[in-house]
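The file coords.txt contains compact mmCIF, C-alpha atoms:
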# COMPACT_ATOMS: atom_id res chain seq x y z
CA MET Q 151 -31.10 -14.16 18.24
CA THR Q 152 -29.83 -13.51 14.73
CA PRO Q 153 -26.07 -12.94 14.75
CA ALA Q 154 -24.87 -9.52 13.70
CA PRO Q 155 -23.30 -9.33 10.21
CA PRO Q 156 -19.52 -9.02 10.05
CA VAL Q 157 -18.09 -5.54 10.47
CA MET Q 158 -17.00 -4.27 7.07
CA THR Q 159 -13.38 -3.15 6.86
CA PRO Q 160 -13.05 -0.20 4.43
CA LEU Q 161 -12.08 -1.34 0.94
CA SER Q 162 -9.58 0.34 -1.36
CA LEU Q 163 -8.12 -0.55 -4.74
CA MET Q 164 -4.51 -1.09 -5.74
CA TYR Q 165 -3.33 -0.33 -9.26
CA PRO Q 166 -0.54 -2.89 -9.25
CA LEU Q 167 1.57 -1.74 -12.23
CA MET Q 168 3.89 1.17 -12.85
CA ALA Q 169 1.77 3.97 -14.28
CA SER Q 170 2.14 4.10 -18.05
CA ASP Q 171 -1.25 3.47 -19.66
CA LEU Q 172 -3.09 6.47 -18.23
CA ASP Q 173 -6.45 5.47 -19.72
CA GLU Q 174 -6.17 2.15 -17.91
CA LEU Q 175 -5.19 3.94 -14.71
CA ALA Q 176 -8.17 6.26 -15.16
CA ALA Q 177 -10.49 3.22 -15.31
CA PHE Q 178 -9.17 2.16 -11.90
CA GLY Q 179 -9.67 5.67 -10.54
CA GLU Q 180 -13.22 5.76 -11.89
CA THR Q 181 -13.90 2.42 -10.20
CA VAL Q 182 -12.76 3.84 -6.86
CA ARG Q 183 -15.02 6.84 -7.40
CA ASP Q 184 -18.07 4.96 -8.67
CA LEU Q 185 -17.95 2.22 -6.02
CA ALA Q 186 -17.19 4.79 -3.28
CA LEU Q 187 -14.06 2.90 -2.25
CA GLU Q 188 -11.75 4.33 0.35
CA ARG Q 189 -8.67 5.07 -1.77
CA LEU Q 190 -6.65 4.34 -4.91
CA TYR Q 191 -3.13 3.06 -4.24
CA LEU Q 192 -0.20 3.19 -6.64
CA GLY Q 193 3.27 1.84 -6.07
CA GLN Q 194 6.57 3.44 -7.02
CA SER Q 195 6.59 4.13 -10.75
CA LEU Q 196 9.68 4.79 -12.86
CA VAL Q 197 7.62 5.36 -16.01
CA VAL Q 198 5.06 8.06 -15.19
CA ASP Q 199 5.91 9.27 -11.71
CA THR Q 200 3.32 8.18 -9.16
CA HIS Q 201 2.51 11.68 -7.93
CA GLN Q 202 2.22 13.02 -11.45
CA ALA Q 203 -0.10 10.14 -12.30
CA PHE Q 204 -2.42 11.21 -9.47
CA ALA Q 205 -2.21 14.80 -10.72
CA HIS Q 206 -3.17 13.58 -14.19
CA LEU Q 207 -6.24 11.84 -12.78
CA ALA Q 208 -7.23 14.99 -10.93
CA GLY Q 209 -6.90 16.96 -14.16
CA ARG Q 210 -9.26 14.47 -15.80
CA GLY Q 211 -11.79 15.10 -13.05
CA ILE Q 212 -11.03 11.86 -11.19
CA ARG Q 213 -10.31 13.28 -7.75
CA VAL Q 214 -10.17 10.34 -5.38
CA PRO Q 215 -8.24 9.81 -2.15
CA ALA Q 216 -4.74 8.67 -3.05
CA GLY Q 217 -2.09 6.46 -1.51
CA THR Q 218 1.49 5.57 -2.39
CA SER Q 219 2.37 1.99 -1.66
CA VAL Q 220 5.19 2.55 -1.41
CA ALA Q 221 7.46 5.39 -2.53
CA LEU Q 222 11.15 4.59 -2.08
CA THR Q 223 13.10 6.77 0.32
CA ALA Q 224 16.34 6.67 -1.67
CA LEU Q 225 14.73 8.39 -4.66
CA ARG Q 226 13.73 11.68 -2.98
CA HIS Q 227 14.95 14.13 -0.41
CA PRO Q 228 12.45 14.36 2.48
CA LEU Q 229 11.57 17.94 1.55
CA ASP Q 230 10.67 16.91 -1.99
CA ALA Q 231 8.72 13.93 -0.63
CA ALA Q 232 6.68 16.26 1.58
CA VAL Q 233 6.04 18.66 -1.32
CA GLN Q 234 4.94 15.83 -3.62
CA ALA Q 235 2.59 14.31 -1.04
CA ARG Q 236 1.01 17.64 -0.18
CA SER Q 237 0.69 18.49 -3.88
CA VAL Q 238 -1.44 15.39 -4.43
CA ALA Q 239 -3.64 16.32 -1.47
CA LEU Q 240 -4.11 19.87 -2.78
CA LEU Q 241 -4.75 18.83 -6.38
CA THR Q 242 -7.25 16.11 -5.53
CA GLY Q 243 -8.83 17.85 -2.55
CA ARG Q 244 -8.75 14.48 -0.79
CA PRO Q 245 -6.70 12.96 2.05
CA VAL Q 246 -3.48 11.20 1.06
CA VAL Q 247 -1.62 8.25 2.54
CA ALA Q 248 2.03 8.87 1.72
CA GLY Q 249 3.55 5.44 2.14
CA PHE Q 250 7.32 4.96 2.12
CA GLY Q 251 9.69 2.03 2.17
CA ALA Q 252 13.41 1.40 2.05
CA GLY Q 253 13.17 -0.73 -1.10
CA ASP Q 254 15.25 -3.61 -2.40
CA PRO Q 255 18.85 -3.44 -1.10
CA ASP Q 256 20.35 -3.89 -4.59
CA PHE Q 257 18.31 -0.98 -5.95
CA VAL Q 258 19.27 1.19 -2.98
CA ALA Q 259 22.93 0.31 -3.55
CA ALA Q 260 22.64 1.30 -7.21
CA LEU Q 261 21.33 4.72 -6.12
CA ARG Q 262 23.51 5.39 -3.08
CA GLY Q 263 26.61 3.31 -3.75
CA GLU Q 264 25.72 1.02 -0.87
CA PRO Q 265 22.53 -0.38 0.68
CA TYR Q 266 21.11 0.91 3.93
CA GLU Q 267 22.95 -0.92 6.66
CA SER Q 268 19.88 -0.26 8.82
CA PRO Q 269 16.67 0.15 6.80
CA LEU Q 270 14.83 0.67 10.09
CA THR Q 271 16.94 3.72 10.90
CA ALA Q 272 16.71 5.04 7.35
CA VAL Q 273 12.91 4.89 7.31
CA SER Q 274 12.58 6.28 10.82
CA GLU Q 275 14.76 9.31 10.09
CA TYR Q 276 13.11 9.96 6.75
CA LEU Q 277 9.55 9.89 8.04
CA SER Q 278 10.44 11.95 11.09
CA VAL Q 279 11.66 14.78 8.86
CA VAL Q 280 8.77 14.48 6.39
CA ARG Q 281 6.23 14.64 9.22
CA ARG Q 282 7.79 17.74 10.71
CA LEU Q 283 7.84 19.45 7.33
CA LEU Q 284 4.21 18.56 6.65
CA ASP Q 285 3.33 19.96 10.07
CA GLY Q 286 4.83 23.31 9.09
CA GLU Q 287 8.00 23.08 11.12
CA ALA Q 288 11.15 24.70 9.74
CA VAL Q 289 13.54 21.78 10.16
CA GLU Q 290 17.23 22.51 10.62
CA ASP Q 291 20.31 20.74 11.93
CA PHE Q 292 18.86 17.25 11.69
CA ARG Q 293 21.90 15.02 11.98
CA GLY Q 294 20.80 11.47 11.42
CA ARG Q 295 22.68 8.50 10.10
CA TYR Q 296 21.07 8.76 6.66
CA VAL Q 297 19.26 12.12 6.70
CA ARG Q 298 21.24 15.27 7.39
CA LEU Q 299 20.07 18.87 7.17
CA ASP Q 300 22.99 21.21 7.85
CA GLY Q 301 22.38 24.38 5.86
CA GLY Q 302 19.80 26.19 7.96
CA PRO Q 303 16.02 25.80 8.27
CA LEU Q 304 14.07 24.09 5.51
CA PRO Q 305 10.46 25.30 5.69
CA LEU Q 306 7.58 23.88 3.69
CA PRO Q 307 5.48 26.97 2.85
CA HIS Q 308 1.83 26.59 3.64
CA ALA Q 309 -0.62 26.95 0.77
CA ALA Q 310 -2.32 30.32 0.64
CA ALA Q 311 -5.53 28.70 -0.60
CA ALA Q 312 -7.88 26.37 1.27
CA PRO Q 313 -6.38 24.19 4.00
CA CYS Q 314 -4.65 21.08 2.72
CA PRO Q 315 -6.37 17.74 3.31
CA ARG Q 316 -4.59 15.48 5.77
CA VAL Q 317 -1.45 13.68 4.63
CA SER Q 318 -1.00 10.51 6.66
CA LEU Q 319 2.40 8.83 6.67
CA GLY Q 320 2.63 5.14 5.93
CA VAL Q 321 5.42 2.56 6.16
CA GLY Q 322 5.75 -0.59 4.11
CA VAL Q 323 5.94 -3.42 6.65
CA LEU Q 324 7.01 -7.04 6.22
CA ARG Q 325 8.42 -8.07 9.59
CA PRO Q 326 7.84 -7.25 13.26
CA ARG Q 327 10.92 -5.03 13.58
CA MET Q 328 9.71 -2.67 10.87
CA ALA Q 329 6.22 -2.87 12.36
CA HIS Q 330 7.68 -1.70 15.68
CA THR Q 331 9.33 1.22 13.90
CA ALA Q 332 6.06 2.03 12.12
CA GLY Q 333 4.32 2.07 15.48
CA GLN Q 334 6.76 4.72 16.66
CA ILE Q 335 6.51 7.13 13.72
CA ALA Q 336 3.76 6.32 11.21
CA ASP Q 337 0.02 6.71 10.84
CA VAL Q 338 -0.42 3.58 8.72
CA ALA Q 339 1.42 0.28 8.30
CA ILE Q 340 1.09 -1.09 4.76
CA THR Q 341 1.46 -4.82 4.13
CA LEU Q 342 1.59 -6.94 0.98
CA LEU Q 343 1.39 -10.75 0.78
CA THR Q 344 1.08 -10.89 4.55
CA PRO Q 345 -1.09 -13.81 5.75
CA ALA Q 346 -3.91 -12.80 8.06
CA GLY Q 347 -2.53 -15.00 10.83
CA HIS Q 348 0.89 -13.34 10.62
CA LEU Q 349 -0.80 -9.95 10.70
CA ARG Q 350 -2.69 -10.87 13.86
CA GLU Q 351 0.11 -12.68 15.68
CA ALA Q 352 3.22 -10.73 14.71
CA ILE Q 353 2.60 -7.43 12.93
CA VAL Q 354 -0.25 -5.89 14.94
CA PRO Q 355 1.35 -6.65 18.35
CA ALA Q 356 4.65 -5.16 17.17
CA LEU Q 357 2.84 -2.03 16.00
CA ALA Q 358 1.21 -1.73 19.41
CA ARG Q 359 4.55 -2.14 21.20
CA GLY Q 360 6.18 0.52 19.03
CA ALA Q 361 3.33 2.95 19.56
CA GLY Q 362 3.34 2.28 23.29
CA SER Q 363 7.05 3.05 23.50
CA ARG Q 364 6.31 6.58 22.27
CA GLY Q 365 2.94 7.05 23.94
CA ARG Q 366 1.16 7.54 20.63
CA PRO Q 367 -1.89 5.94 19.00
CA VAL Q 368 -1.43 2.59 17.30
CA PRO Q 369 -1.24 3.11 13.51
CA GLY Q 370 -3.88 1.72 11.21
CA VAL Q 371 -3.09 -1.26 9.00
CA THR Q 372 -3.64 -1.33 5.25
CA ALA Q 373 -3.45 -4.89 3.98
CA ILE Q 374 -2.95 -5.17 0.23
CA VAL Q 375 -4.55 -8.51 -0.61
CA PRO Q 376 -4.07 -10.25 -3.98
CA CYS Q 377 -7.33 -11.76 -5.14
CA ALA Q 378 -9.31 -13.13 -8.08
CA VAL Q 379 -12.73 -14.61 -8.74
CA ARG Q 380 -12.97 -18.25 -9.77
CA ARG Q 381 -14.00 -18.31 -13.41
CA PRO Q 382 -13.86 -20.99 -16.16
CA GLY Q 383 -10.36 -21.58 -17.47
CA ARG Q 384 -8.56 -19.78 -14.66
CA ASP Q 385 -5.70 -21.36 -12.74
CA PRO Q 386 -5.12 -19.49 -9.46
CA ARG Q 387 -1.48 -20.56 -9.30
CA LYS Q 388 -0.84 -19.01 -12.73
CA LEU Q 389 -2.51 -15.81 -11.59
CA ALA Q 390 -0.48 -15.68 -8.38
CA PHE Q 391 2.73 -16.37 -10.30
CA ALA Q 392 2.00 -13.69 -12.91
CA ALA Q 393 1.43 -11.12 -10.19
CA HIS Q 394 4.06 -12.03 -7.63
CA ALA Q 395 6.96 -13.98 -9.16
CA PRO Q 396 9.33 -11.04 -8.43
CA HIS Q 397 8.23 -10.94 -4.77
CA LEU Q 398 8.55 -14.71 -4.45
CA SER Q 399 12.08 -14.45 -5.86
CA GLY Q 400 13.09 -11.92 -3.21
CA GLU Q 401 14.48 -13.20 0.07
CA HIS Q 402 12.85 -10.47 2.17
CA TYR Q 403 9.35 -11.57 1.10
CA ALA Q 404 10.23 -15.28 1.20
CA ALA Q 405 11.58 -14.97 4.74
CA MET Q 406 8.39 -13.25 5.90
CA LEU Q 407 6.21 -15.95 4.32
CA ARG Q 408 8.32 -18.73 5.84
CA SER Q 409 8.01 -17.14 9.26
CA ALA Q 410 4.24 -17.23 8.72
CA GLY Q 411 4.37 -20.96 8.01
CA LEU Q 412 4.40 -21.05 4.19
CA ASP Q 413 6.87 -23.21 2.29
CA VAL Q 414 8.51 -20.61 0.03
CA ASP Q 415 11.96 -20.77 -1.55
CA VAL Q 416 13.33 -18.03 -3.78
CA SER Q 417 14.74 -20.64 -6.16
CA ASP Q 418 11.23 -21.89 -7.03
CA PRO Q 419 8.74 -19.01 -7.35
CA TRP Q 420 6.27 -21.31 -9.16
CA ALA Q 421 6.02 -23.48 -6.06
CA GLY Q 422 5.82 -20.30 -4.01
CA ALA Q 423 2.80 -19.20 -6.05
CA GLY Q 424 1.12 -22.49 -5.15
CA ALA Q 425 1.91 -21.83 -1.49
CA LEU Q 426 0.22 -18.41 -1.73
CA VAL Q 427 -2.94 -20.05 -3.07
CA ASP Q 428 -2.92 -23.00 -0.68
CA GLY Q 429 -2.20 -20.71 2.28
CA GLY Q 430 -5.02 -18.32 1.47
CA VAL Q 431 -2.65 -15.41 0.89
CA PHE Q 432 -3.92 -15.22 -2.68
CA ALA Q 433 -7.66 -14.96 -2.09
CA TYR Q 434 -9.42 -17.03 -4.76
CA GLY Q 435 -12.91 -18.43 -5.13
CA THR Q 436 -16.43 -17.23 -5.68
CA PRO Q 437 -16.98 -13.58 -4.79
CA GLU Q 438 -18.60 -14.76 -1.55
CA GLU Q 439 -15.60 -16.97 -0.72
CA VAL Q 440 -13.17 -14.14 -1.40
CA ALA Q 441 -15.30 -11.84 0.77
CA ALA Q 442 -15.06 -14.35 3.61
CA GLN Q 443 -11.26 -14.41 3.31
CA LEU Q 444 -11.15 -10.62 3.37
CA THR Q 445 -13.25 -10.62 6.54
CA GLY Q 446 -10.42 -12.61 8.12
CA TYR Q 447 -8.03 -9.73 7.47
CA GLY Q 448 -10.33 -7.32 9.24
CA GLU Q 449 -10.58 -9.69 12.19
CA ALA Q 450 -6.77 -9.93 12.23
CA GLY Q 451 -6.41 -6.17 12.66
CA ALA Q 452 -6.50 -4.62 9.20
CA THR Q 453 -8.26 -1.26 9.26
CA GLU Q 454 -8.26 -1.01 5.44
CA ILE Q 455 -8.05 -3.68 2.74
CA ALA Q 456 -6.72 -2.79 -0.70
CA LEU Q 457 -7.80 -5.23 -3.39
CA SER Q 458 -5.11 -6.16 -5.89
CA CYS Q 459 -6.24 -8.07 -8.97
CA ALA Q 460 -2.76 -7.96 -10.51
CA GLY Q 461 -2.84 -11.55 -11.75
CA VAL Q 462 -6.02 -11.02 -13.75
CA LEU Q 463 -4.87 -7.60 -14.97
CA LEU Q 464 -1.63 -9.05 -16.32
CA THR Q 465 -3.18 -12.12 -17.94
CA GLU Q 466 -6.64 -10.95 -19.06
CA GLY Q 467 -6.56 -7.16 -19.04
CA PRO Q 468 -8.19 -4.31 -17.12
CA GLU Q 469 -11.83 -5.06 -17.94
CA ALA Q 470 -11.57 -8.55 -16.47
CA ALA Q 471 -9.66 -7.27 -13.44
CA LEU Q 472 -12.21 -4.56 -12.69
CA ALA Q 473 -15.09 -7.00 -13.19
CA ASP Q 474 -13.54 -9.06 -10.39
CA VAL Q 475 -13.20 -5.94 -8.24
CA ARG Q 476 -16.87 -5.08 -8.67
CA ALA Q 477 -17.99 -8.64 -7.89
CA ILE Q 478 -15.83 -8.84 -4.77
CA VAL Q 479 -16.89 -5.43 -3.47
CA GLU Q 480 -20.56 -6.33 -3.95
CA ALA Q 481 -20.05 -9.62 -2.09
CA VAL Q 482 -18.24 -7.90 0.78
CA ARG Q 483 -21.04 -5.37 1.13
CA ASP Q 484 -23.71 -8.05 0.93
CA ARG Q 485 -21.89 -9.98 3.64
CA ALA Q 486 -21.84 -6.90 5.87
CA GLY Q 487 -25.43 -5.96 5.05
CA ARG Q 488 -24.31 -2.73 3.41
CA PRO Q 489 -26.11 -1.34 0.35
CA ALA Q 490 -24.20 -0.49 -2.78
CA PRO Q 491 -23.63 3.25 -3.36
CA VAL Q 492 -26.24 4.94 -5.51
CA THR Q 493 -24.42 8.22 -6.17
CA ARG Q 494 -21.04 9.14 -7.55
CA ILE Q 495 -18.47 11.06 -5.55
CA PRO Q 496 -18.07 14.43 -7.29
Go through the file and emit its structure as structure tokens.
Amino acid sequence: MTPAPPVMTPLSLMYPLMASDLDELAAFGETVRDLALERLYLGQSLVVDTHQAFAHLAGRGIRVPAGTSVALTALRHPLDAAVQARSVALLTGRPVVAGFGAGDPDFVAALRGEPYESPLTAVSEYLSVVRRLLDGEAVEDFRGRYVRLDGGPLPLPHAAAAPCPRVSLGVGVLRPRMAHTAGQIADVAITLLTPAGHLREAIVPALARGAGSRGRPVPGVTAIVPCAVRRPGRDPRKLAFAAHAPHLSGEHYAAMLRSAGLDVDVSDPWAGAGALVDGGVFAYGTPEEVAAQLTGYGEAGATEIALSCAGVLLTEGPEAALADVRAIVEAVRDRAGRPAPVTRIP
């Protein structure tokens, strides 16, 4: 009997820079549209605001499902966060994943005067209020440790036009404790630089435990996977370093990678980049080899995989990065026995 082809985990695309070159961003949005990918993800941007960047794409006719990976809680009141997320859903006419994270402690301290003593509590309170606002509840007298609403009900008026597409709430997850919190409150857990084995053995079980403690469905998992196609003259370590030196210099990412068995030290991000390549966290090879590595993420519990070709984008430019995206997507679909799309999403 011929074995069944691997199940294809939905593919999305990450634009891995702060939004500034809007023509370049538009090329990524067009790639999501033309390849019929699941979603376009953008991180927190302090140049062109992430939500306004999605609105710009919609105004250019590029209306694709959007995701924030991740917006930082310290930058916005929960009411404004709910308004911004719903605005993107209304302007694009597509579902939105509104992903949030606590952010780097030093950055949070610069904004608040001190870091979150408990990022878990901060994220939990924040998403709880955002969800209630998105659900149309007039929230009042919420007295949390970090989120307080004392001045009477804060409603989020419902649009008078067509119903708003679904806004799903996401949480940036590195470690099992945050995964447990995500299981209690979120629709999606969003990971970056997380090895497939760590996802399977630590993150997914913690999500399930958190969801079980509240009697709610287990959230989906969006794994943002750095990748590149092997081509003449490319050094995968250089690509990984170009894309992720700041992450490899941060103790929160280094600690997660060490717990997953990688030899990473914040004092030597160049060696850490080699560990990403050697450990398969930076997916590199022929398109077929990269597709095989991505299959491993689906088998580990990812329900969505967002391709990030940041290393190629930063060293060779957007055309080279998107050429890799197209080659990898084609290989993944070939591996799953899925035909390429023949029509464009309007």
At a cut-off of 12 Å, using only C-alpha atoms, what residues contact Pro396 in chain Q? Leave out same-chain residues fewer than 4 positions from it and give the result as a PDB file with C-alpha atoms, keeping the file's coordinate frame.
ATOM      1  CA  ASP Q 254      15.250  -3.610  -2.400  1.00  0.00           C
ATOM      2  CA  ALA Q 390      -0.480 -15.680  -8.380  1.00  0.00           C
ATOM      3  CA  PHE Q 391       2.730 -16.370 -10.300  1.00  0.00           C
ATOM      4  CA  ALA Q 392       2.000 -13.690 -12.910  1.00  0.00           C
ATOM      5  CA  GLY Q 400      13.090 -11.920  -3.210  1.00  0.00           C
ATOM      6  CA  GLU Q 401      14.480 -13.200   0.070  1.00  0.00           C
ATOM      7  CA  HIS Q 402      12.850 -10.470   2.170  1.00  0.00           C
ATOM      8  CA  TYR Q 403       9.350 -11.570   1.100  1.00  0.00           C
ATOM      9  CA  ALA Q 404      10.230 -15.280   1.200  1.00  0.00           C
ATOM     10  CA  VAL Q 416      13.330 -18.030  -3.780  1.00  0.00           C
ATOM     11  CA  SER Q 417      14.740 -20.640  -6.160  1.00  0.00           C
ATOM     12  CA  ASP Q 418      11.230 -21.890  -7.030  1.00  0.00           C
ATOM     13  CA  PRO Q 419       8.740 -19.010  -7.350  1.00  0.00           C
ATOM     14  CA  TRP Q 420       6.270 -21.310  -9.160  1.00  0.00           C
ATOM     15  CA  GLY Q 422       5.820 -20.300  -4.010  1.00  0.00           C
ATOM     16  CA  ALA Q 423       2.800 -19.200  -6.050  1.00  0.00           C
TER      17      ALA Q 423
END
Quote the spacing between CA of Ala221 in chain Q and CA of Val273 in chain Q in Å to one decimal place.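 These two atoms are separated by 11.3 Å.
In this comparison, which uses all atoms listed in the file, the residue of Q:Asp199, Q:Glu264, Q:Asp285, Q:Glu438 approaching Gln234 in chain Q most closely is Q:Asp199.
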Near Arg293 in chain Q, within 12 Å and counting all atoms listed in the file, which residues show up once chain neighbours fewer than 4 positions away are dropped, as a ChimeraX atom specification? /Q:275-276,278-279,289,297-301
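Between Val379 in chain Q and the candidates Q:Ala288, Q:Ala186, Q:Val475, Q:Leu207, the tightest atom-to-atom separation, counting only C-alpha atoms, involves Q:Val475.
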